[in-house]
Structures are given as structure tokens and as C-alpha cells.
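Just data.cif here, mmCIF, C-alpha atoms:
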data_my_file
loop_
_atom_site.label_atom_id
_atom_site.label_comp_id
_atom_site.auth_asym_id
_atom_site.auth_seq_id
_atom_site.Cartn_x
_atom_site.Cartn_y
_atom_site.Cartn_z
CA MET I 7 13.25 -57.49 49.45
CA LYS I 8 15.11 -59.55 52.05
CA PHE I 9 18.74 -60.31 51.16
CA LEU I 10 18.78 -57.38 48.74
CA ASP I 11 17.82 -54.15 50.45
CA GLU I 12 20.08 -54.48 53.47
CA TYR I 13 23.11 -54.78 51.14
CA ARG I 14 22.35 -51.36 49.66
CA ASP I 15 22.51 -49.41 52.94
CA PRO I 16 24.27 -46.11 52.11
CA ALA I 17 25.75 -45.62 55.59
CA ALA I 18 27.34 -49.07 55.60
CA CYS I 19 28.60 -48.45 52.05
CA ARG I 20 30.33 -45.26 53.18
CA ARG I 21 31.94 -47.10 56.08
CA TYR I 22 33.26 -49.75 53.70
CA ALA I 23 34.50 -47.05 51.34
CA ALA I 24 36.40 -45.42 54.23
CA GLN I 25 38.01 -48.77 55.05
CA LEU I 26 38.93 -49.21 51.41
CA ALA I 27 40.59 -45.78 51.31
CA GLU I 28 42.55 -46.64 54.43
CA ALA I 29 43.67 -50.02 53.09
CA CYS I 30 44.74 -48.72 49.68
CA THR I 31 48.23 -47.19 49.98
CA ARG I 32 49.42 -47.85 46.41
CA PRO I 33 47.79 -47.88 42.96
CA TRP I 34 46.02 -51.13 42.11
CA THR I 35 44.07 -52.31 39.09
CA LEU I 36 41.32 -54.81 39.78
CA MET I 37 38.75 -56.40 37.49
CA GLU I 38 35.20 -57.38 38.27
CA VAL I 39 34.51 -60.33 36.03
CA CYS I 40 30.76 -60.33 35.71
CA GLY I 41 28.61 -57.89 33.77
CA GLY I 42 26.04 -57.95 36.56
CA GLN I 43 28.73 -56.57 38.87
CA THR I 44 29.76 -53.95 36.28
CA HIS I 45 26.18 -52.84 36.07
CA ALA I 46 25.87 -52.52 39.87
CA VAL I 47 29.16 -50.58 40.16
CA ILE I 48 28.05 -48.01 37.58
CA ARG I 49 24.39 -47.92 38.57
CA PHE I 50 25.11 -47.27 42.25
CA GLY I 51 28.08 -45.01 41.48
CA LEU I 52 30.38 -47.13 43.63
CA ASP I 53 33.43 -46.13 41.59
CA GLN I 54 32.89 -42.57 42.81
CA LEU I 55 33.59 -43.83 46.34
CA PHE I 56 36.92 -45.41 45.41
CA PRO I 57 40.23 -44.04 46.68
CA PRO I 58 42.28 -42.38 43.91
CA GLY I 59 44.73 -45.28 43.62
CA LEU I 60 42.10 -47.89 42.93
CA ARG I 61 41.19 -48.58 39.33
CA LEU I 62 38.45 -51.07 38.52
CA VAL I 63 38.27 -52.37 34.97
CA HIS I 64 35.36 -54.31 33.60
CA GLY I 65 35.67 -57.92 32.56
CA PRO I 66 34.28 -60.15 29.83
CA GLY I 67 31.49 -61.65 31.96
CA CYS I 68 28.63 -60.66 29.71
CA PRO I 69 27.23 -63.80 28.06
CA VAL I 70 25.45 -61.84 25.38
CA CYS I 71 28.62 -59.92 24.53
CA VAL I 72 30.87 -62.93 24.10
CA THR I 73 28.49 -65.07 22.04
CA PRO I 74 30.32 -65.39 18.71
CA LEU I 75 28.96 -63.52 15.74
CA GLU I 76 28.77 -66.83 13.84
CA GLN I 77 26.33 -68.17 16.46
CA ILE I 78 24.18 -65.03 16.22
CA ASP I 79 24.13 -65.48 12.45
CA ARG I 80 23.14 -69.11 12.87
CA ALA I 81 20.33 -68.14 15.25
CA LEU I 82 19.13 -65.61 12.67
CA GLU I 83 19.22 -68.24 9.94
CA LEU I 84 17.23 -70.68 12.11
CA ALA I 85 14.73 -68.00 13.13
CA ARG I 86 14.07 -67.16 9.48
CA SER I 87 13.27 -70.79 8.70
CA GLU I 88 9.54 -71.47 8.27
CA GLU I 89 9.51 -74.60 10.44
CA VAL I 90 11.40 -73.11 13.41
CA ILE I 91 10.33 -71.29 16.56
CA LEU I 92 13.46 -69.74 18.04
CA CYS I 93 13.29 -69.22 21.80
CA THR I 94 15.81 -66.93 23.45
CA PHE I 95 16.55 -64.78 26.47
CA GLY I 96 15.41 -61.22 25.81
CA ASP I 97 18.93 -59.84 25.90
CA MET I 98 19.80 -61.60 22.64
CA LEU I 99 17.14 -59.83 20.55
CA ARG I 100 19.14 -56.71 19.78
CA VAL I 101 22.60 -58.23 19.43
CA PRO I 102 23.80 -57.31 15.94
CA GLY I 103 24.55 -60.20 13.60
CA SER I 104 26.13 -59.87 10.19
CA SER I 105 22.72 -59.14 8.72
CA GLY I 106 20.34 -57.59 11.22
CA ASP I 107 19.28 -58.88 14.62
CA LEU I 108 16.63 -61.24 16.00
CA GLN I 109 14.25 -58.38 16.72
CA ALA I 110 14.36 -57.28 13.09
CA ALA I 111 13.91 -60.90 11.98
CA ARG I 112 10.84 -61.08 14.20
CA ALA I 113 9.48 -57.88 12.70
CA GLU I 114 9.90 -59.51 9.29
CA GLY I 115 7.77 -62.46 10.37
CA ALA I 116 10.19 -64.88 12.00
CA ASP I 117 8.79 -66.70 15.04
CA VAL I 118 11.17 -65.52 17.77
CA ARG I 119 9.95 -65.91 21.34
CA VAL I 120 11.47 -64.44 24.47
CA VAL I 121 11.49 -66.87 27.37
CA TYR I 122 12.52 -66.46 30.98
CA SER I 123 13.84 -70.00 31.29
CA PRO I 124 14.97 -72.83 28.98
CA LEU I 125 12.22 -74.85 30.67
CA ASP I 126 9.71 -72.44 29.12
CA ALA I 127 11.18 -73.30 25.72
CA VAL I 128 10.55 -76.99 26.43
CA GLU I 129 6.96 -76.02 27.19
CA VAL I 130 6.73 -74.25 23.81
CA ALA I 131 7.96 -77.48 22.17
CA ARG I 132 5.27 -79.50 23.95
CA ALA I 133 2.63 -77.05 22.75
CA HIS I 134 3.80 -77.07 19.10
CA PRO I 135 4.61 -80.68 18.21
CA HIS I 136 4.54 -79.96 14.47
CA LEU I 137 7.14 -77.23 14.58
CA GLN I 138 10.82 -77.31 15.52
CA VAL I 139 11.64 -75.38 18.69
CA VAL I 140 15.24 -74.24 19.11
CA PHE I 141 16.45 -72.69 22.36
CA PHE I 142 19.44 -70.37 22.00
CA ALA I 143 21.44 -71.69 24.96
CA VAL I 144 23.89 -68.89 25.72
CA GLY I 145 25.39 -68.21 29.12
CA PHE I 146 28.05 -68.86 31.70
CA GLU I 147 28.22 -71.65 34.27
CA THR I 148 25.31 -69.98 36.10
CA THR I 149 22.95 -70.77 33.24
CA ALA I 150 24.32 -74.18 32.23
CA PRO I 151 22.36 -76.18 34.85
CA ALA I 152 19.04 -74.72 33.66
CA ASN I 153 19.97 -75.68 30.10
CA ALA I 154 20.96 -79.14 31.33
CA VAL I 155 17.61 -79.60 33.10
CA ALA I 156 15.83 -78.60 29.87
CA ALA I 157 17.92 -81.09 27.85
CA MET I 158 17.17 -83.87 30.34
CA ALA I 159 13.44 -83.09 30.26
CA ALA I 160 13.35 -83.08 26.44
CA ARG I 161 15.20 -86.38 26.25
CA ARG I 162 13.05 -88.03 28.91
CA GLU I 163 9.86 -86.97 27.13
CA ARG I 164 11.34 -87.89 23.72
CA LEU I 165 10.45 -84.45 22.42
CA ALA I 166 11.59 -84.85 18.82
CA ASN I 167 11.01 -81.17 18.04
CA PHE I 168 13.26 -79.58 20.69
CA SER I 169 16.91 -78.70 20.28
CA LEU I 170 19.55 -76.38 21.71
CA LEU I 171 21.80 -73.97 19.86
CA VAL I 172 24.61 -74.08 22.41
CA SER I 173 26.96 -71.21 23.12
CA GLN I 174 27.87 -71.98 26.74
CA VAL I 175 31.11 -70.50 28.04
CA ARG I 176 33.33 -71.09 31.08
CA VAL I 177 34.95 -68.28 33.06
CA PRO I 178 38.27 -69.66 34.41
CA PRO I 179 39.97 -70.28 31.02
CA ALA I 180 39.08 -66.75 29.91
CA LEU I 181 40.68 -65.30 33.05
CA GLU I 182 43.88 -67.17 32.28
CA LEU I 183 43.78 -65.85 28.73
CA LEU I 184 43.51 -62.28 30.07
CA LEU I 185 46.29 -62.84 32.59
CA GLY I 186 48.59 -64.16 29.88
CA ALA I 187 48.04 -61.20 27.53
CA GLU I 188 50.97 -58.83 27.06
CA ASP I 189 48.87 -55.77 27.79
CA ASN I 190 47.26 -57.21 30.91
CA GLN I 191 47.10 -54.75 33.79
CA VAL I 192 44.81 -56.65 36.12
CA GLN I 193 46.34 -57.44 39.52
CA GLY I 194 43.34 -58.96 41.26
CA PHE I 195 39.86 -60.23 40.44
CA LEU I 196 36.39 -60.09 41.88
CA ALA I 197 35.10 -63.49 40.76
CA ALA I 198 31.44 -63.80 39.85
CA GLY I 199 29.36 -64.96 42.80
CA HIS I 200 26.68 -66.76 40.85
CA VAL I 201 29.08 -68.66 38.61
CA CYS I 202 30.71 -69.82 41.85
CA THR I 203 27.34 -70.66 43.45
CA ILE I 204 27.27 -73.45 40.86
CA MET I 205 30.96 -74.25 40.39
CA GLY I 206 32.55 -73.34 43.73
CA TRP I 207 36.08 -71.93 43.62
CA THR I 208 38.45 -74.88 43.40
CA GLU I 209 39.44 -73.95 39.83
CA TYR I 210 40.32 -70.44 41.01
CA GLU I 211 42.73 -71.77 43.63
CA ARG I 212 44.95 -73.05 40.85
CA ILE I 213 44.71 -69.73 38.98
CA ALA I 214 45.59 -67.74 42.14
CA ALA I 215 48.67 -69.91 42.73
CA ARG I 216 49.82 -70.04 39.10
CA TRP I 217 49.46 -66.34 38.30
CA LYS I 218 49.99 -65.02 41.82
CA VAL I 219 46.76 -63.02 41.77
CA PRO I 220 44.17 -62.66 44.50
CA LEU I 221 40.63 -63.68 43.58
CA VAL I 222 37.67 -62.79 45.78
CA VAL I 223 34.36 -64.53 45.12
CA THR I 224 31.98 -61.57 45.30
CA GLY I 225 28.25 -60.88 45.28
CA PHE I 226 26.30 -58.31 43.31
CA GLU I 227 25.02 -55.73 45.78
CA PRO I 228 26.90 -52.53 46.70
CA LEU I 229 28.09 -53.82 50.08
CA ASP I 230 29.19 -57.10 48.53
CA LEU I 231 31.24 -55.31 45.90
CA LEU I 232 32.85 -52.90 48.37
CA GLN I 233 33.74 -55.71 50.76
CA GLY I 234 35.07 -57.80 47.84
CA LEU I 235 37.30 -54.88 46.81
CA LEU I 236 38.48 -54.36 50.37
CA LEU I 237 39.44 -58.03 50.74
CA CYS I 238 41.22 -57.97 47.38
CA VAL I 239 43.14 -54.74 48.11
CA ARG I 240 44.19 -56.05 51.53
CA GLN I 241 45.63 -59.15 49.87
CA LEU I 242 47.57 -57.04 47.39
CA GLU I 243 48.86 -54.70 50.08
CA GLU I 244 49.99 -57.67 52.19
CA GLY I 245 51.48 -59.53 49.23
CA ARG I 246 49.03 -62.44 49.46
CA TYR I 247 47.34 -64.16 46.53
CA GLU I 248 44.57 -66.46 47.66
CA VAL I 249 40.96 -67.18 46.94
CA GLU I 250 38.66 -65.56 49.47
CA ASN I 251 34.91 -65.82 49.62
CA GLN I 252 33.01 -62.59 50.18
CA TYR I 253 29.71 -64.12 49.00
CA GLU I 254 29.48 -66.55 51.91
CA ARG I 255 25.72 -66.49 52.08
CA SER I 256 25.47 -68.28 48.71
CA VAL I 257 28.80 -69.87 47.83
CA VAL I 258 30.66 -72.83 49.31
CA ARG I 259 34.02 -74.13 48.09
CA GLU I 260 32.63 -77.07 46.12
CA GLY I 261 29.65 -75.16 44.69
CA ASN I 262 26.30 -76.87 44.10
CA GLY I 263 27.12 -80.56 43.74
CA THR I 264 23.73 -81.54 42.31
CA ALA I 265 23.95 -78.82 39.65
CA ARG I 266 27.54 -79.70 38.76
CA ARG I 267 26.75 -83.39 38.34
CA LEU I 268 23.78 -82.56 36.12
CA LEU I 269 25.85 -80.15 34.07
CA GLU I 270 28.61 -82.73 33.61
CA ARG I 271 26.10 -85.37 32.53
CA VAL I 272 24.79 -83.20 29.70
CA PHE I 273 27.79 -81.07 28.68
CA GLU I 274 31.49 -81.57 28.04
CA VAL I 275 34.30 -79.02 28.05
CA VAL I 276 35.38 -77.82 24.59
CA ASP I 277 37.41 -75.00 23.06
CA ARG I 278 35.08 -72.12 22.18
CA PRO I 279 35.54 -68.79 20.49
CA TRP I 280 34.47 -65.77 22.55
CA ARG I 281 33.40 -62.71 20.64
CA GLY I 282 36.08 -60.09 21.28
CA LEU I 283 38.56 -62.55 22.81
CA GLY I 284 38.98 -65.15 20.07
CA MET I 285 39.38 -68.87 20.67
CA VAL I 286 39.51 -69.73 24.37
CA PRO I 287 40.98 -73.18 25.01
CA ALA I 288 38.54 -75.15 27.20
CA GLY I 289 36.49 -71.94 27.25
CA GLY I 290 33.10 -73.49 26.62
CA LEU I 291 30.68 -76.37 26.85
CA ALA I 292 29.05 -78.53 24.18
CA LEU I 293 26.42 -81.25 24.40
CA ARG I 294 27.91 -84.67 25.09
CA PRO I 295 27.58 -87.28 22.30
CA GLU I 296 24.70 -88.94 24.23
CA PHE I 297 22.75 -85.69 23.80
CA ALA I 298 23.78 -85.08 20.19
CA GLU I 299 20.22 -85.49 18.94
CA LEU I 300 19.38 -82.28 20.83
CA ASP I 301 22.12 -80.31 19.08
CA ALA I 302 20.56 -77.75 16.75
CA GLU I 303 23.81 -77.43 14.80
CA ARG I 304 23.57 -81.10 13.84
CA ARG I 305 19.85 -81.05 13.25
CA PHE I 306 20.00 -78.03 10.96
CA PRO I 307 23.31 -78.13 9.13
CA SER I 308 24.11 -74.77 7.59
CA ARG I 309 26.52 -73.40 5.05
CA PRO I 310 28.98 -71.21 6.89
CA THR I 311 28.78 -67.67 5.57
CA PRO I 312 31.53 -65.20 6.34
CA ALA I 313 30.69 -63.24 9.48
CA CYS I 314 31.10 -59.49 9.29
CA GLU I 315 31.94 -57.40 12.36
CA SER I 316 31.51 -53.63 12.48
CA GLY I 317 34.81 -51.93 11.67
CA LEU I 318 34.17 -49.20 14.26
CA CYS I 319 33.33 -51.38 17.25
CA ARG I 320 36.10 -51.93 19.80
CA ALA I 321 34.17 -54.38 21.95
CA GLY I 322 37.15 -56.74 22.13
CA GLU I 323 39.24 -54.17 24.00
CA VAL I 324 36.31 -53.31 26.28
CA LEU I 325 35.77 -56.98 27.11
CA ARG I 326 39.44 -57.44 28.00
CA GLY I 327 39.35 -54.41 30.30
CA VAL I 328 41.88 -52.52 28.16
CA LEU I 329 39.50 -49.81 26.97
CA ARG I 330 36.86 -48.06 29.06
CA PRO I 331 33.59 -47.62 27.14
CA PRO I 332 33.63 -43.78 27.09
CA GLU I 333 37.11 -43.92 25.54
CA CYS I 334 35.72 -45.58 22.40
CA PRO I 335 35.24 -43.00 19.60
CA ALA I 336 31.92 -44.57 18.62
CA PHE I 337 30.51 -44.47 22.18
CA GLY I 338 27.26 -42.52 22.32
CA THR I 339 27.64 -41.30 18.74
CA ALA I 340 27.77 -44.03 16.10
CA CYS I 341 26.92 -46.58 18.78
CA THR I 342 23.93 -46.29 21.13
CA PRO I 343 21.54 -48.84 22.71
CA GLU I 344 19.00 -47.93 20.02
CA SER I 345 21.51 -48.53 17.26
CA PRO I 346 24.31 -50.68 18.70
CA LEU I 347 27.45 -51.57 16.79
CA GLY I 348 28.51 -54.20 19.28
CA ALA I 349 26.96 -56.44 21.89
CA PRO I 350 28.29 -54.59 25.00
CA MET I 351 26.04 -51.65 24.05
CA VAL I 352 23.01 -53.96 23.89
CA SER I 353 22.97 -56.14 26.91
CA ASN I 354 21.89 -55.09 30.37
CA GLU I 355 25.18 -56.58 31.45
CA GLY I 356 27.29 -54.94 28.78
CA ALA I 357 29.78 -52.37 30.06
CA CYS I 358 29.00 -49.89 27.24
CA ALA I 359 25.25 -50.04 27.97
CA ALA I 360 25.88 -49.50 31.70
CA TYR I 361 27.95 -46.34 31.03
CA TYR I 362 25.48 -45.08 28.44
CA ARG I 363 22.54 -45.55 30.76
CA PHE I 364 23.97 -44.17 33.98
CA ARG I 365 26.81 -41.85 33.00
CA ARG I 366 25.57 -39.48 30.37
CA MET V 26 14.68 -58.09 30.96
CA LEU V 27 16.72 -60.91 32.37
CA LEU V 28 20.17 -60.02 33.56
CA MET V 29 21.78 -63.22 32.52
CA CYS V 30 24.04 -63.99 35.43
CA LEU V 31 21.85 -62.40 38.03
CA ALA V 32 20.03 -64.62 40.42
CA VAL V 33 17.23 -63.24 42.55
CA PRO V 34 16.61 -64.26 46.17
CA GLY V 35 13.13 -65.40 47.13
CA GLN V 36 11.45 -67.51 49.79
CA LEU V 37 10.37 -71.06 49.00
CA LEU V 38 6.74 -71.57 49.99
CA ASP V 39 6.05 -75.17 48.96
CA PHE V 40 7.29 -77.97 46.74
CA GLN V 41 6.05 -80.93 44.77
CA GLY V 42 7.54 -83.76 42.71
CA GLU V 43 10.90 -85.47 42.93
CA GLY V 44 14.24 -85.52 41.17
CA LEU V 45 14.33 -83.50 37.97
CA GLU V 46 10.57 -82.92 38.33
CA ARG V 47 10.88 -81.21 41.70
CA ARG V 48 9.37 -77.73 41.60
CA GLY V 49 8.27 -75.17 44.13
CA THR V 50 6.58 -71.81 44.52
CA VAL V 51 8.99 -69.02 45.34
CA SER V 52 7.85 -65.62 46.59
CA PHE V 53 9.93 -62.67 45.43
CA GLY V 54 8.71 -59.94 47.78
CA GLY V 55 5.14 -61.18 47.21
CA VAL V 56 5.39 -61.99 43.51
CA ARG V 57 5.05 -65.75 43.20
CA LYS V 58 6.63 -67.94 40.59
CA LEU V 59 6.93 -71.69 40.06
CA VAL V 60 10.59 -72.65 39.75
CA SER V 61 12.51 -75.87 39.22
CA LEU V 62 14.15 -77.35 42.32
CA ALA V 63 16.01 -79.99 40.29
CA CYS V 64 19.35 -78.63 41.50
CA LEU V 65 18.29 -77.95 45.08
CA PRO V 66 16.75 -81.17 46.43
CA GLU V 67 17.54 -80.16 50.02
CA ALA V 68 15.51 -76.92 49.99
CA VAL V 69 12.45 -76.84 52.25
CA PRO V 70 9.64 -74.29 52.63
CA GLY V 71 10.86 -71.24 54.51
CA ASP V 72 14.33 -71.35 52.94
CA PHE V 73 15.53 -68.39 50.92
CA VAL V 74 16.81 -69.55 47.55
CA LEU V 75 18.56 -67.90 44.61
CA VAL V 76 16.68 -68.27 41.34
CA HIS V 77 18.23 -67.92 37.90
CA ALA V 78 16.46 -68.63 34.59
CA GLY V 79 13.65 -70.53 36.27
CA LEU V 80 15.96 -72.74 38.31
CA ALA V 81 16.83 -72.49 41.99
CA ILE V 82 20.65 -72.61 42.00
CA GLY V 83 21.50 -72.09 45.65
CA ARG V 84 20.23 -71.71 49.17
CA ILE V 85 21.01 -68.57 51.15
CA ASP V 86 22.70 -69.20 54.48
CA PRO V 87 21.10 -66.67 56.85
CA GLY V 88 23.99 -66.93 59.32
CA ALA V 89 26.59 -66.16 56.68
CA ALA V 90 24.41 -63.33 55.36
CA GLU V 91 25.12 -61.35 58.55
CA ARG V 92 28.89 -61.57 58.17
CA VAL V 93 29.12 -58.67 55.71
CA PHE V 94 27.97 -56.46 58.59
CA ALA V 95 29.98 -58.29 61.24
CA TYR V 96 33.16 -57.81 59.18
CA LEU V 97 32.45 -54.11 58.94
CA GLU V 98 32.07 -53.86 62.72
CA GLN V 99 35.31 -55.75 63.10
CA VAL V 100 37.39 -53.62 60.71
CA ASP V 101 35.80 -50.38 61.89
CA GLY V 102 36.59 -51.29 65.49
CA LEU V 103 40.31 -51.75 64.83
#

Any chance you could give the structure as C-alpha cells?
Amino acid sequence: MKFLDEYRDPAACRRYAAQLAEACTRPWTLMEVCGGQTHAVIRFGLDQLFPPGLRLVHGPGCPVCVTPLEQIDRALELARSEEVILCTFGDMLRVPGSSGDLQAARAEGADVRVVYSPLDAVEVARAHPHLQVVFFAVGFETTAPANAVAAMAARRERLANFSLLVSQVRVPPALELLLGAEDNQVQGFLAAGHVCTIMGWTEYERIAARWKVPLVVTGFEPLDLLQGLLLCVRQLEEGRYEVENQYERSVVREGNGTARRLLERVFEVVDRPWRGLGMVPAGGLALRPEFAELDAERRFPSRPTPACESGLCRAGEVLRGVLRPPECPAFGTACTPESPLGAPMVSNEGACAAYYRFRR
Amino acid sequence: MLLMCLAVPGQLLDFQGEGLERRGTVSFGGVRKLVSLACLPEAVPGDFVLVHAGLAIGRIDPGAAERVFAYLEQVDGL
């Protein structure tokens, strides 16, 4: 397909890898933020082309992985309710909650439907006016505009049976949390190209200046990733720390203005817990008070039950880039995609799943 | 399965409606899908757009798309 295949050209990849080896004279540790990028690095074996000094650690940019256990439990509780149809992205089905997952709930009779878009969930609500339809709105800034469009459509049509269980997160505050951690080793970032397609990179300029780290807005194909690494390594070698844009074909500095305005109309910035990272100040989005009637947490108040994480799972360290998946004692033994202990082994974007699938 | 932060490039074939109702058919290598153009009011048929979760989130700049290769020529030529 156009704008995909040409960025996978092996000869061009090797030329970029040679440039990278030439540029890299000292050891550097970089992080790719987004799980989609992690997946591409492992799938295409790009890390096998890296010079010995270059270490790439995998970041927390897996929406499924960072959705708090409490929200998974709440989704399970809603799904098990007779009057509710729970609509979700497919990736959420196998994420372990405290008591089972959505796929198991579905097998037990819960009405859980996999949708491709939040707009499809609105369609389900139109088709079932006598049932409550809840969309499990997880995701990063990339997904927030689609959720905003769904919220606007539901409000405009006065769909009384549609609501959103919101677990939207924001990348920049999480990066600052990682940078401020005592055990942080990351010296430069590949920022997620599709998050920046929406948001632009103005927020990253402040982060680059404050923490003196280079950030390169990077795409998802092999050539994108190799060029992003080359730009980042060159900055480090030259002692620069700026925001550069590798993903020029899709990203401009201010992002998508229409999408940002829509997002800001529907959502406001709030503190949110990230699974594995803990509370991230300003790390998420919630529905604005004007959209409160669409908030599933208000519509279906629940008794908080204590959430219970697996004692063996070390997803938190994986998500912070401190532990590589194969270094986890449970990797591939107690924890597999068929029987995951933690979300990174489930999702297509999870680092553990990427290693399990392509490196065994 | 949907990779949550992945957006897929496709070519816009047509559009209808306005504002939040604006939608269009996008061809992904021949597979056609109706997507929301609520966040991309400026897109016109022929444009390549990035689609994520049923929503077109950005337009691909064909000129900028070449620069990955141009940069390689430049650094390789040094």
C-alpha cells in the first residue's frame, strides 16, 4: 500500500543502519514511547541492525497496558449487568481484571461487543434504544478525538442510552514522570507520531528544554524508526536537545487544530492513575461537566472493590523501560498471550506480547 | 485486531455531509471503508489520509513523504 511499503525497503533500511553506526560513537539509551513502534522494532528486527552502543528501551505507550485495573474491573462489572451492552476495542478483551477478563465475561453470557470505532458504539446505541450501551473509551491522544466525536453525536441526538467509561491518558506528563524517576536511564525519546498528528509537539518543546533531552517525533515504519533514531543520536552526540520532526508527512507543529478543539470541548485534563506507573499528575482526560450525563461512572455508580494485581507480574518495570520483557521470570512460562498475567502480554502493542510473538 | 495508536493511510474517494457529520469513503489498497471526516474538513478526494478508529486524523503531505529518502541521499553523500 502507498505510504507503507516504500518505508519498509530493506536496502534503504541498511543504509540508514550504516549511518546510525557511523553516528553513534558512545553508548546511548533511547526510548520509543509508543507500543506501535515497539511492535515494529521487534517485528522487523530493527534492533538487530543497531550499533553495539545503542540501547532502545520500550516505553509506556500501550493504552491497553496502562488502563488501571480498577477501570477493567468496572468494565467487567458493567458488562455483567443485564441492561448493559459493553462496546470495546478488541485489545481490551483479554486484559486481566481482578476477576477474569471481558472475554470470559462474554463467554458467561455478558453482552460484550468488539467495535472498530466509538462511532460504531453510537450506532449500537441507536439500534438498541431499550438497553444501555457503554463504550470503554481507553486510549491516548490519538484516540481522544474519535471518542469526542462519538460524545458529540450522542449528545446531539439525545441518545439517553449511550455513555462512555473514560480512561483517556496523555503522553507528555508520563514522560516527565519517567524522566524524574531515580532509576531513569533514558537519554532521548522517539515521540509517538500519531499522538503528535493530533497534538503537535509544542508540549514536547518544554520537556526538551526542562530535562535537556532530545525528542524526535517519529513514524511507525522501519525507515521512520531508523531515521528517528539517527536524528536522536546525532543530537546526543552533538550535545543538542531539541524537538525534531521525522514524521513530516503527517505531523505539523500545532497538530490537527480541528481535532484539538473538538477534544478540548468534550474533555478536560485531570490526574489519572496509569497501571504500572501510578498516579500521573495531569496524565489523563475526563469528560467536561457539560458532558457529565455521558459519563458511565456517574450513570452506574459502583461500590469500589479492592483491585488485585498478580504478584508475579512486573509490568510496571516493563512499562517504565527498566526491565526488558525476556528478563521477567514469568515471561513465556507463567505468563503467555494465552494466559497473561499482565496487560503487556495481551495487547498487540504490549512489549511482552511483541517479544513473545517474534523472539521465541 | 486494532493496534490502538496505529493509523492506516488510505486514499479518500468521496465525501458527503458537513461539520461533525462529514464522512467519506477511504480506499485502503482497494478495501473501502466509510470514515468520519469530522476532524479533517479540508480533505478532498484524491488526498491520502490517516485513519484511526474510524476517524481521519491527518492528511499525508506527499512532498514531505519523500524527505525520508532525500535525507538518506544527503547523509550518504557526505

Selected by the PyMOL selection byres ((chain I and resi 108) around 12) in the shown coordinates: which residues, as number ranges by chain?
I: 77-86, 91-107, 109-120, 142

Which residues, named as in the file, does the PyMOL selection byres ((chain I) within 7 of (chain V)) pick out? Answer as a ChimeraX atom specification.
/I:7,9,22,42,96-97,122-123,148-149,152,200,203-204,254-256,262,264-265,354-355

Suppose we keep C-alpha atoms; can you now write the selection as an mmCIF file, in the frame of the given file?
data_model
loop_
_atom_site.group_PDB
_atom_site.id
_atom_site.type_symbol
_atom_site.label_atom_id
_atom_site.label_comp_id
_atom_site.auth_asym_id
_atom_site.auth_seq_id
_atom_site.Cartn_x
_atom_site.Cartn_y
_atom_site.Cartn_z
ATOM 1 C CA MET I 7 13.250 -57.490 49.450
ATOM 2 C CA PHE I 9 18.740 -60.310 51.160
ATOM 3 C CA TYR I 22 33.260 -49.750 53.700
ATOM 4 C CA GLY I 42 26.040 -57.950 36.560
ATOM 5 C CA GLY I 96 15.410 -61.220 25.810
ATOM 6 C CA ASP I 97 18.930 -59.840 25.900
ATOM 7 C CA TYR I 122 12.520 -66.460 30.980
ATOM 8 C CA SER I 123 13.840 -70.000 31.290
ATOM 9 C CA THR I 148 25.310 -69.980 36.100
ATOM 10 C CA THR I 149 22.950 -70.770 33.240
ATOM 11 C CA ALA I 152 19.040 -74.720 33.660
ATOM 12 C CA HIS I 200 26.680 -66.760 40.850
ATOM 13 C CA THR I 203 27.340 -70.660 43.450
ATOM 14 C CA ILE I 204 27.270 -73.450 40.860
ATOM 15 C CA GLU I 254 29.480 -66.550 51.910
ATOM 16 C CA ARG I 255 25.720 -66.490 52.080
ATOM 17 C CA SER I 256 25.470 -68.280 48.710
ATOM 18 C CA ASN I 262 26.300 -76.870 44.100
ATOM 19 C CA THR I 264 23.730 -81.540 42.310
ATOM 20 C CA ALA I 265 23.950 -78.820 39.650
ATOM 21 C CA ASN I 354 21.890 -55.090 30.370
ATOM 22 C CA GLU I 355 25.180 -56.580 31.450
#

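Taking atom CA of V:Gly71 as the reference point, atom CA of V:Val56 is found at 15.4 Å.
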
Rounded to one decimal place, report the atom CA of I:Asp301-atom CA of I:Ala157 distance in Å.
9.8 Å

Could you tell me how far atom CA of I:Arg267 lies from atom CA of I:Gln43, in Å and to one decimal?
26.9 Å

Would you compute, for all listed atoms of stretch 29-42 of chain I, the axis-aligned bounding box grown by 6 Å on each side, and then report its centre and edge lengths in Å rounded to one decimal, as JSON?
{"center_x": 37.7, "center_y": -53.8, "center_z": 43.4, "size_x": 35.4, "size_y": 25.1, "size_z": 31.3}

List the neighbours of stretch 192-199 of chain I out to 6 Å using only C-alpha atoms; skip same-chain residues closer than 3 positions along the sequence, and give me the result as a PyMOL selection string.
chain I and resi 35-40+202+219-225

Check what the PyMOL selection byres ((chain I and resi 161) around 12) selects in the file above and give those residues as a PyMOL selection string.
chain I and resi 128+154-160+162-170+272+296-301

From the list I:Pro124, I:Gly206, I:Pro66, I:Pro228, which residue is nearest I:Leu10 when using only C-alpha atoms?
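Going through I:Pro124, I:Gly206, I:Pro66, I:Pro228 one by one, the smallest distance to I:Leu10 is for I:Pro228.
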
Can you pull out every residue within 8 Å of V:Thr50, counting only C-alpha atoms, but drop anything in the same chain fewer than 3 positions away, and send it as a list in words?
Leu37, Leu38, Asp39, Phe40, Arg57, Lys58, Leu59 and Val60 of chain V

From (40.6, -57.9, 52.8), in the file's coordinates, out to 10 Å: which residues are reached, counting all atoms listed in the file? Answer as a PDB file with C-alpha atoms, in the coordinates of the input.
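As a result, part07.pdb now contains:
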ATOM      1  CA  GLN I  25      38.010 -48.770  55.050  1.00  0.00           C
ATOM      2  CA  LEU I  26      38.930 -49.210  51.410  1.00  0.00           C
ATOM      3  CA  ALA I  29      43.670 -50.020  53.090  1.00  0.00           C
ATOM      4  CA  VAL I 222      37.670 -62.790  45.780  1.00  0.00           C
ATOM      5  CA  GLN I 233      33.740 -55.710  50.760  1.00  0.00           C
ATOM      6  CA  GLY I 234      35.070 -57.800  47.840  1.00  0.00           C
ATOM      7  CA  LEU I 235      37.300 -54.880  46.810  1.00  0.00           C
ATOM      8  CA  LEU I 236      38.480 -54.360  50.370  1.00  0.00           C
ATOM      9  CA  LEU I 237      39.440 -58.030  50.740  1.00  0.00           C
ATOM     10  CA  CYS I 238      41.220 -57.970  47.380  1.00  0.00           C
ATOM     11  CA  VAL I 239      43.140 -54.740  48.110  1.00  0.00           C
ATOM     12  CA  ARG I 240      44.190 -56.050  51.530  1.00  0.00           C
ATOM     13  CA  GLN I 241      45.630 -59.150  49.870  1.00  0.00           C
ATOM     14  CA  LEU I 242      47.570 -57.040  47.390  1.00  0.00           C
ATOM     15  CA  GLU I 243      48.860 -54.700  50.080  1.00  0.00           C
ATOM     16  CA  GLU I 244      49.990 -57.670  52.190  1.00  0.00           C
ATOM     17  CA  GLU I 250      38.660 -65.560  49.470  1.00  0.00           C
ATOM     18  CA  GLN I 252      33.010 -62.590  50.180  1.00  0.00           C
TER      19      GLN I 252
ATOM     20  CA  TYR V  96      33.160 -57.810  59.180  1.00  0.00           C
ATOM     21  CA  VAL V 100      37.390 -53.620  60.710  1.00  0.00           C
TER      22      VAL V 100
END

As a count of residues only, please: the residues near I:Glu28 (cut-off 9 Å, only C-alpha atoms, same-chain neighbours under 4 positions excluded).
3

Nearest to V:Ala95, restricted to all atoms listed in the file and choosing among I:Leu283, I:Ala18, I:Val276, I:Val172, comes out as I:Ala18
